Amino acid sequence: MIAQADDTLTIYERSKAGRRAFVVPALDVPPRSIDELLPAALRRAEPARLPEVAEPEIVRHYNRLSKRNFDLDTGFYPLGSCTMKHNPKLHERIAALPGHARMHPLQDPSAAQGALELMWRLQEALGEIAGLPHVSLQPSAGSQGELAGVLLTRAYHEDRGQHRTKVLTPDTAHGTNPATVTMGGYDVVKVVSDAHGNVDLDDLRAKADEDVACLMLTNPSTLGLFETGIEEIERIVHGVGATLYYDGANLNAIMGISRPGDMGFDIVHFNLHKSFTQPHGGGGPGAGPVAVSERIEPYLPRPQVVRRESSTNGKEPFYDLDYDRPKSIGRLRGFQGNYGVFVRSYAYIRSLGAPGLRDASETAVLNANYLLARLRREGVMEYLPAAYDRLCMHEFVLSGEPMRRQLQVKTLDLAKRLLDHGVHPPTVYFPLIVEEALMVEPTETETKETLDHFAEIVAEILREAREDPSVAQHAPYTTPVRRLDEARAARRPVVRQAMNGN
Amino acid sequence: MADASYPDDLKYHPEHDWARIDGDSATFGITWYAQDALGEVVFYDAPEIGATISKDQAYTEVESVKAVSDVIAPLSGEVIAVNDVLAEKPETINEDPYGDGWLVRVKLSDPSEADSLMDSTEYQATLE
Amino acid sequence: MTRYTSATDADREEMLATIGVSSVQELFADIPNRLRLNRQLALGDGLSEPEVFEEFRALAARNVSSDDEISFLGAGMYDHYVPALIDSIIMRSEFLTPYTPYQPEISQGGLQAMFEYQTAISELTGLPVSNASVYEGPSAVAAAGYVAKHTNNRRRFVVSRGVHPHSRETLRTHAHAWEMEVSEAPLDAGATQLPELSDEVSAVIVQQPNFLGAVEDLASIAQSAHAAGALVIAACDPLPLALLKTPAECGVDIVVGEGQSLGNRLDFGGPSFGFFAATEALMRRMPGRIAGETVDVDGKRGFVLTLQTREQHIRREKATSNICTAQALNALAGVIYLSWLGRRGVVELVELMLQRTAYARERLTAIAGVTQLHEKPVVREFAVELGAPVGAVIARCREQGVNPGYPLWRDYPEHADGLLVAITERRTKADIDRLADVLGGAVSAEREAVGVST
């Protein structure tokens, strides 16, 4: 048993037999014998050992826990690839309206016209942003959107009597891409990047054959760089009859400026918890809608939200769930998707409109380039050079390899020392092709002062490291806990509270 | 474990595995380079005794906090012993990769395969 | 218009100068001209906050929510009372706005909450290892199938017809990509009838209570499955687990389920969370995030994401799934709810639902023409056959402010006039009496209309 200060007691350790918060309503129906309704052989002998606490204790416990979290509302969160932009507070008020929050998903469509219209309009808006005509809101998160893309690709090829076995992904791809490919029943083939951080076109040509079902790409890439060869990539991939899939993780760089559909992508997924402000909630929920071209439309998941024009006497259009989709891949989940997320994302799109979305992307790219230039001005590049000597888009990647070699301070140590300065570190050790990678995405909702401050902090940490690397090596010092023994947690995992003996 | 070492009495496979050959049987493990790249090993799932393993194919996995790695067989044969100590203390692979951190003992099916393996100097050259 | 950005003209000028370009457009030089959108997106101009609020309030007003009618809709999501303390906690910035806890030193709040959640799920299911949540119920069934496939490499799933239709369909969609077959075990008098199981069967999948509300004999199903070398996956409604024999005791290998009824809103179907728990033997194959207890360099207790090598970001193509998120905020609501109910409260709540469900079943089957679809024990949901056209009956009821339940015709054509009725603690005796009244009148009117004497 690990000794703990009061602060780290779990809700179970705060429990005491007999305490309670819930008061059950009085039984108002004629009572029947429990044994008659549910024979003892079907019942558990021992109750679940849930906590026993009253409301004040529950509230205090979780409030105190919350204070041991850093969060976006509190400070700078430049996590590359996550797009930690501000979560507008209006959205919570809207999502809580009973007409949205208390809707049962199986409510008759005639009694859910507000919800279905909202979903339909969101579909239209996302289709316009992507430059592709047909959208499904069903996938629960980005990685499910990716799976949808792979399954749609499979259905497309199978419908043509083709059985392809491979999917291409760049070596800079986010980990979900190869994992999704495997889940989609395909083999992963990696395509290498060239010296400029773009997909190596020669390698792509060599690997693109008629056994390839799809190329999965992000543009800008996970390096924060625009794929300048995108038009040639499109020709190569479509030339062998494969589909071109767009991972929307980096959409924040190009909204209203360029559209994946216009680049030739067949399938696009969105992360509503990235560019569209769904709060991250400590890791979820999110949503991963997909937009597809005409030829992929028949395979979209079931049901689809559709708008049926009134046939006669000038009646209102009717929004409906269409189950009659014979070529659909089927379902990826229950009901029709994360509606609460749709409400927030659509509110964001309505708030910003076309000029606002474009402004968001322009400012995101401006902020990232400014931060990169500001770090350069602080002299940080000597130890943390940019991985590629190019203009970045909404994020950039630095390499901590010189810092490691010259100062014995790793990217991990830099990240831990940043915690002491009250900022969340950038993404570390991704993408894999950059040594000691540090991926920085400030987003458009940060002020110039915040960016200046961050650059100054990084410079300060490097100065400190030159004098005494051990400070960063043993950081953090001021956080609720210091560096944790992850090996111990993985070797002998303790994943639940031990209770009276087991 | 302190410094890199690559004992001279062992044969090496380019995928960072070593073999200590003893007549018609051999002991396998992973090299210092491999354990260093993996970081602290937290889990090792031993193959079954009697299992057939093939040269150049993966026969098991080693898991650290940050990565999982296939372990490649340097030679072919039948597994005759597995290192039980690693179930409780997988970090032994880091502490003593050539001694107590051995993975399996194998009865070789084709001892001549050893000719294609590298010696310590050749292997270290590949690490540059 | 609300843009949430702060860059003033002066800021922009300074920033561009520092970068060394003269306009923001220059920053997009890498995008070929041909690919630049040379018009505005057709999305309208952007609205002020009050205008946005009004537009969304108007949309909400066109929805008939559970506030607007007495609803007996269930079938996987339930109209429970969500206690006020949940909102006050999960709306806190510190829980609402951070990302996945990649830097555990500053994420102890979220990680400890995950650990407490995992413990609660282990207690309900009886299984020792729970993850920190997956997306929702039906995809959790598919995820469990993926674990079974990797465990025994067999090529077929046997899924009961009593499993939620959305879960069965989701499983088929995924299994198609794995080149695995899915065969269905029929229901007889409400209970799963397992066929003879060959050594091709990777897993047997059942639901508890099943979609028609019936409590299944999990123990004997598990026995048959294990005898054939197959894994057993049970998709469970979480609250009834407070009373039912735990799936673990019955020999189930993996328990999954829809967590919405634990402290989460209906939200027209999402977001919610799925729970996923398994035996010790399957721990290293589990999908999703898992929080583990450890110590820091000072020996202080702390929590980290553990067994991360299973996840996509390290193992990549060998990952046990591609799940990148947990439904952290929804799972947090879940553990707060279970703490609020407490050890005794959860039993009392489910016993209350058990009694009211029995009462409702009795009152409805007393209506002429209405019969029980099966006679198996139920906990909080049951099915009846109306002896009258179900669509028309529902329409009549809804006109009187009562939504009597979910019609079965789409998913169970063999029960064309079937209706699934769900009870929560929000449905009082008075509500049930009103249901019986209104439904009685509607059934009688419809039977008359088709010429059946009452």
# chains A, B, ... in the order shown; residues from 1 in each chain; ligands from 1

$ select_by_dssp --residues "chain B" --states "alpha helix (DSSP H)" --output "compact mmCIF listing (two decimals) with C-alpha atoms, in the first residue's frame"
# COMPACT_ATOMS: atom_id res chain seq x y z
CA TRP B 32 22.91 -4.04 -25.77
CA TYR B 33 21.88 -1.73 -28.61
CA ALA B 34 18.38 -3.23 -28.72
CA GLN B 35 17.76 -2.98 -24.98
CA ASP B 36 19.08 0.56 -24.98
CA ALA B 37 16.75 1.60 -27.81
CA LEU B 38 13.76 0.00 -26.14
CA VAL B 85 13.11 -15.24 -14.45
CA LEU B 86 11.89 -12.70 -17.04
CA ALA B 87 8.23 -13.22 -16.15
CA GLU B 88 8.83 -11.63 -12.77
CA THR B 92 16.89 -8.31 -16.33
CA ILE B 93 17.06 -7.98 -20.12
CA ASN B 94 18.33 -4.43 -19.65
CA GLU B 95 20.65 -5.23 -16.76
CA SER B 120 31.12 -8.70 -32.83
CA THR B 121 33.21 -6.36 -34.99
CA GLU B 122 31.00 -6.73 -38.06
CA TYR B 123 27.86 -6.15 -36.01
CA GLN B 124 29.22 -3.04 -34.32
CA ALA B 125 30.07 -1.67 -37.76
CA THR B 126 26.40 -1.81 -38.68

$ closest_atom_pairs --of "chain B" --to "chain C" --cutoff "9 Å" --atoms "only C-alpha atoms" --output "tab-separated table"
residue	atom	partner	partner_atom	distance
B:Glu63	CA	C:Thr309	CA	7.4
B:Ser64	CA	C:Thr309	CA	7.7
B:Val65	CA	C:Thr309	CA	6.8
B:Lys66	CA	C:Thr309	CA	6.1
B:Ala67	CA	C:Thr309	CA	5.6
B:Val68	CA	C:Thr309	CA	6.2
B:Ser69	CA	C:Arg315	CA	8.7

$ write_last_selection --atoms "N, CA and C atoms" --output "short mmCIF file (atom, residue, chain, number, x, y, z; two decimals), in the first residue's frame"
data_model
loop_
_atom_site.label_atom_id
_atom_site.label_comp_id
_atom_site.auth_asym_id
_atom_site.auth_seq_id
_atom_site.Cartn_x
_atom_site.Cartn_y
_atom_site.Cartn_z
N GLU B 63 8.48 -5.87 -24.73
CA GLU B 63 7.71 -4.64 -24.57
C GLU B 63 8.36 -3.73 -23.53
N SER B 64 8.54 -2.49 -23.88
CA SER B 64 9.02 -1.51 -22.90
C SER B 64 7.90 -0.50 -22.69
N VAL B 65 8.17 0.51 -21.89
CA VAL B 65 7.15 1.52 -21.63
C VAL B 65 6.74 2.21 -22.93
N LYS B 66 7.71 2.45 -23.78
CA LYS B 66 7.41 3.27 -24.94
C LYS B 66 7.31 2.50 -26.26
N ALA B 67 7.65 1.24 -26.27
CA ALA B 67 7.66 0.54 -27.56
C ALA B 67 7.48 -0.96 -27.39
N VAL B 68 7.04 -1.58 -28.48
CA VAL B 68 7.00 -3.03 -28.55
C VAL B 68 7.90 -3.41 -29.70
N SER B 69 8.71 -4.41 -29.51
CA SER B 69 9.59 -4.80 -30.58
C SER B 69 9.52 -6.29 -30.84
#

$ residues_around --residues "Asp24 in chain B" --least-positions-apart "2" --cutoff "9 Å" --atoms "only C-alpha atoms" --output "PyMOL selection string"
chain B and resi 21-22+26+106-111

$ interface_residues --of "chain B" --to "chain A" --cutoff "7 Å" --atoms "only C-alpha atoms" --output "NGL selection string"
:B and (40 or 42-43 or 65)

$ write_last_selection --atoms "N, CA and C atoms" --output "PDB file, in the first residue's frame"
ATOM      1  N   GLU B  40      13.405   0.735 -20.635  1.00  0.00           N
ATOM      2  CA  GLU B  40      13.152  -0.243 -19.577  1.00  0.00           C
ATOM      3  C   GLU B  40      12.109  -1.270 -19.991  1.00  0.00           C
ATOM      4  N   VAL B  42       9.311  -3.934 -19.733  1.00  0.00           N
ATOM      5  CA  VAL B  42       8.267  -4.175 -18.735  1.00  0.00           C
ATOM      6  C   VAL B  42       7.551  -5.506 -18.934  1.00  0.00           C
ATOM      7  N   PHE B  43       7.684  -6.115 -20.099  1.00  0.00           N
ATOM      8  CA  PHE B  43       6.938  -7.337 -20.333  1.00  0.00           C
ATOM      9  C   PHE B  43       7.609  -8.163 -21.403  1.00  0.00           C
ATOM     10  N   VAL B  65       8.169   0.509 -21.891  1.00  0.00           N
ATOM     11  CA  VAL B  65       7.148   1.521 -21.634  1.00  0.00           C
ATOM     12  C   VAL B  65       6.737   2.206 -22.927  1.00  0.00           C
TER      13      VAL B  65
END

$ residues_around --residues "range 208-223 of chain A" --least-positions-apart "5" --cutoff "9 Å" --atoms "only C-alpha atoms" --output "PyMOL selection string"
chain A and resi 80-81+146+150+153-154+157+163-170+172-174+177+186+197-198+203+230+236-237+239-251+253-254+260+387-388+392-397+430-431+439

$ residues_around --residues "Ala58 in chain C" --least-positions-apart "4" --cutoff "12 Å" --atoms "only C-alpha atoms" --output "mmCIF file with N, CA and C atoms, in the first residue's frame"
data_model
loop_
_atom_site.group_PDB
_atom_site.id
_atom_site.type_symbol
_atom_site.label_atom_id
_atom_site.label_comp_id
_atom_site.auth_asym_id
_atom_site.auth_seq_id
_atom_site.Cartn_x
_atom_site.Cartn_y
_atom_site.Cartn_z
ATOM 1 N N ILE A 94 -25.874 26.541 -25.259
ATOM 2 C CA ILE A 94 -26.738 26.038 -26.329
ATOM 3 C C ILE A 94 -26.932 24.528 -26.187
ATOM 4 N N LEU A 97 -29.596 23.312 -23.739
ATOM 5 C CA LEU A 97 -31.031 23.552 -23.936
ATOM 6 C C LEU A 97 -31.740 22.199 -23.979
ATOM 7 N N PRO A 98 -32.808 22.048 -23.205
ATOM 8 C CA PRO A 98 -33.475 20.744 -23.161
ATOM 9 C C PRO A 98 -33.883 20.223 -24.543
ATOM 10 N N GLY A 99 -34.258 21.122 -25.438
ATOM 11 C CA GLY A 99 -34.636 20.692 -26.778
ATOM 12 C C GLY A 99 -33.506 20.003 -27.522
ATOM 13 N N HIS A 100 -32.261 20.243 -27.082
ATOM 14 C CA HIS A 100 -31.120 19.518 -27.659
ATOM 15 C C HIS A 100 -30.697 18.398 -26.729
ATOM 16 N N GLN A 113 -37.355 17.454 -35.805
ATOM 17 C CA GLN A 113 -36.994 18.238 -36.984
ATOM 18 C C GLN A 113 -35.882 19.240 -36.702
ATOM 19 N N GLY A 114 -35.873 19.814 -35.516
ATOM 20 C CA GLY A 114 -34.807 20.757 -35.170
ATOM 21 C C GLY A 114 -33.457 20.057 -35.199
ATOM 22 N N ALA A 115 -33.384 18.881 -34.575
ATOM 23 C CA ALA A 115 -32.133 18.129 -34.511
ATOM 24 C C ALA A 115 -31.686 17.678 -35.892
ATOM 25 N N GLU A 117 -32.554 18.889 -38.809
ATOM 26 C CA GLU A 117 -32.178 20.028 -39.655
ATOM 27 C C GLU A 117 -30.778 20.524 -39.276
ATOM 28 N N LEU A 118 -30.501 20.588 -37.974
ATOM 29 C CA LEU A 118 -29.177 21.023 -37.527
ATOM 30 C C LEU A 118 -28.102 20.109 -38.121
ATOM 31 N N GLU C 51 -27.422 36.350 -31.720
ATOM 32 C CA GLU C 51 -28.070 35.829 -32.927
ATOM 33 C C GLU C 51 -27.877 34.318 -33.016
ATOM 34 N N VAL C 52 -26.681 33.855 -32.703
ATOM 35 C CA VAL C 52 -26.438 32.415 -32.739
ATOM 36 C C VAL C 52 -27.326 31.724 -31.717
ATOM 37 N N PHE C 53 -27.377 32.302 -30.523
ATOM 38 C CA PHE C 53 -28.198 31.692 -29.477
ATOM 39 C C PHE C 53 -29.642 31.560 -29.938
ATOM 40 N N GLU C 54 -30.176 32.621 -30.526
ATOM 41 C CA GLU C 54 -31.577 32.597 -30.965
ATOM 42 C C GLU C 54 -31.792 31.519 -32.035
ATOM 43 N N ARG C 62 -38.045 23.073 -32.015
ATOM 44 C CA ARG C 62 -38.713 22.176 -32.962
ATOM 45 C C ARG C 62 -38.438 20.716 -32.641
ATOM 46 N N ASN C 63 -37.920 20.449 -31.476
ATOM 47 C CA ASN C 63 -37.684 19.073 -31.025
ATOM 48 C C ASN C 63 -38.617 18.756 -29.868
#

$ closest_residue --among "C:Asp199, C:Asp30, C:Glu381, C:Glu446" --to "chain A" --atoms "only C-alpha atoms"
C:Asp30

$ closest_residue --among "A:Pro289, A:Pro326, A:Pro476, A:Pro39" --to "Leu122 in chain A" --atoms "only C-alpha atoms"
A:Pro289

$ residues_around --residues "Pro47 in chain B" --least-positions-apart "3" --cutoff "10 Å" --atoms "only C-alpha atoms" --output "PyMOL selection string"
chain B and resi 44+50-53+59-61+79+81-82+103-104

$ write_last_selection --atoms "C-alpha atoms" --output "short mmCIF file (atom, residue, chain, number, x, y, z; two decimals), in the first residue's frame"
data_model
loop_
_atom_site.label_atom_id
_atom_site.label_comp_id
_atom_site.auth_asym_id
_atom_site.auth_seq_id
_atom_site.Cartn_x
_atom_site.Cartn_y
_atom_site.Cartn_z
CA TYR B 44 8.22 -10.39 -22.13
CA GLY B 50 8.58 -27.17 -28.27
CA ALA B 51 7.69 -24.29 -30.59
CA THR B 52 9.48 -24.16 -33.92
CA ILE B 53 11.23 -20.94 -34.73
CA TYR B 59 9.47 -15.53 -32.52
CA THR B 60 8.32 -13.30 -29.69
CA GLU B 61 7.97 -9.69 -28.56
CA VAL B 79 12.60 -24.14 -28.31
CA ALA B 81 14.03 -23.81 -22.66
CA VAL B 82 12.71 -20.33 -21.85
CA LEU B 103 15.49 -15.29 -23.81
CA VAL B 104 15.37 -18.88 -25.14
#

$ residues_around --residues "range 336-353 of chain A" --least-positions-apart "2" --cutoff "8 Å" --atoms "only C-alpha atoms" --output "mmCIF file with C-alpha atoms, in the first residue's frame"
data_model
loop_
_atom_site.group_PDB
_atom_site.id
_atom_site.type_symbol
_atom_site.label_atom_id
_atom_site.label_comp_id
_atom_site.auth_asym_id
_atom_site.auth_seq_id
_atom_site.Cartn_x
_atom_site.Cartn_y
_atom_site.Cartn_z
ATOM 1 C CA PRO A 88 -16.400 29.149 -26.779
ATOM 2 C CA HIS A 91 -21.650 26.442 -26.902
ATOM 3 C CA GLU A 92 -22.243 24.949 -23.472
ATOM 4 C CA ILE A 94 -26.738 26.038 -26.329
ATOM 5 C CA ALA A 95 -25.937 22.342 -25.906
ATOM 6 C CA HIS A 100 -31.120 19.518 -27.659
ATOM 7 C CA ALA A 101 -29.939 17.771 -24.485
ATOM 8 C CA PRO A 105 -32.166 9.330 -30.312
ATOM 9 C CA LEU A 118 -29.177 21.023 -37.527
ATOM 10 C CA MET A 119 -27.359 17.857 -38.578
ATOM 11 C CA LEU A 122 -23.789 20.910 -40.486
ATOM 12 C CA ALA A 125 -21.339 23.312 -44.159
ATOM 13 C CA LEU A 137 -21.722 12.678 -39.324
ATOM 14 C CA GLN A 138 -21.749 9.192 -37.852
ATOM 15 C CA PRO A 139 -18.110 8.435 -36.893
ATOM 16 C CA SER A 140 -17.420 9.017 -33.209
ATOM 17 C CA LEU A 272 -14.700 18.344 -34.708
ATOM 18 C CA PHE A 276 -14.360 23.050 -34.640
ATOM 19 C CA THR A 277 -13.876 23.765 -30.931
ATOM 20 C CA GLN A 278 -15.516 20.733 -29.304
ATOM 21 C CA PRO A 285 -15.621 13.163 -26.521
ATOM 22 C CA GLY A 286 -15.074 14.220 -30.135
ATOM 23 C CA ALA A 287 -16.517 13.406 -33.528
ATOM 24 C CA PRO A 303 -28.584 5.944 -41.585
ATOM 25 C CA ARG A 333 -21.759 2.875 -33.969
ATOM 26 C CA GLY A 334 -25.201 3.165 -32.461
ATOM 27 C CA PRO A 355 -14.873 35.268 -43.250
ATOM 28 C CA GLY A 356 -14.308 34.065 -39.678
ATOM 29 C CA LEU A 357 -13.158 30.595 -40.686
ATOM 30 C CA MET C 1 -18.080 38.827 -35.647
ATOM 31 C CA THR C 2 -16.975 36.442 -32.950
ATOM 32 C CA ARG C 3 -13.639 35.052 -34.040
ATOM 33 C CA LEU C 43 -21.425 29.752 -45.404
ATOM 34 C CA GLY C 44 -22.867 33.151 -44.642
ATOM 35 C CA ASP C 45 -21.182 35.984 -42.859
ATOM 36 C CA GLY C 46 -20.979 34.991 -39.240
ATOM 37 C CA LEU C 47 -23.362 36.058 -36.488
ATOM 38 C CA SER C 48 -23.142 37.703 -33.105
ATOM 39 C CA GLU C 49 -23.554 35.655 -29.948
ATOM 40 C CA VAL C 52 -26.438 32.415 -32.739
ATOM 41 C CA PHE C 56 -30.170 27.387 -31.877
ATOM 42 C CA ASP C 267 -28.203 14.298 -26.403
ATOM 43 C CA PHE C 268 -30.038 12.661 -29.327
ATOM 44 C CA GLY C 269 -27.676 9.698 -29.131
ATOM 45 C CA GLY C 270 -24.281 11.085 -28.166
ATOM 46 C CA PRO C 271 -21.716 11.767 -26.945
ATOM 47 C CA SER C 272 -21.745 9.166 -24.209
#
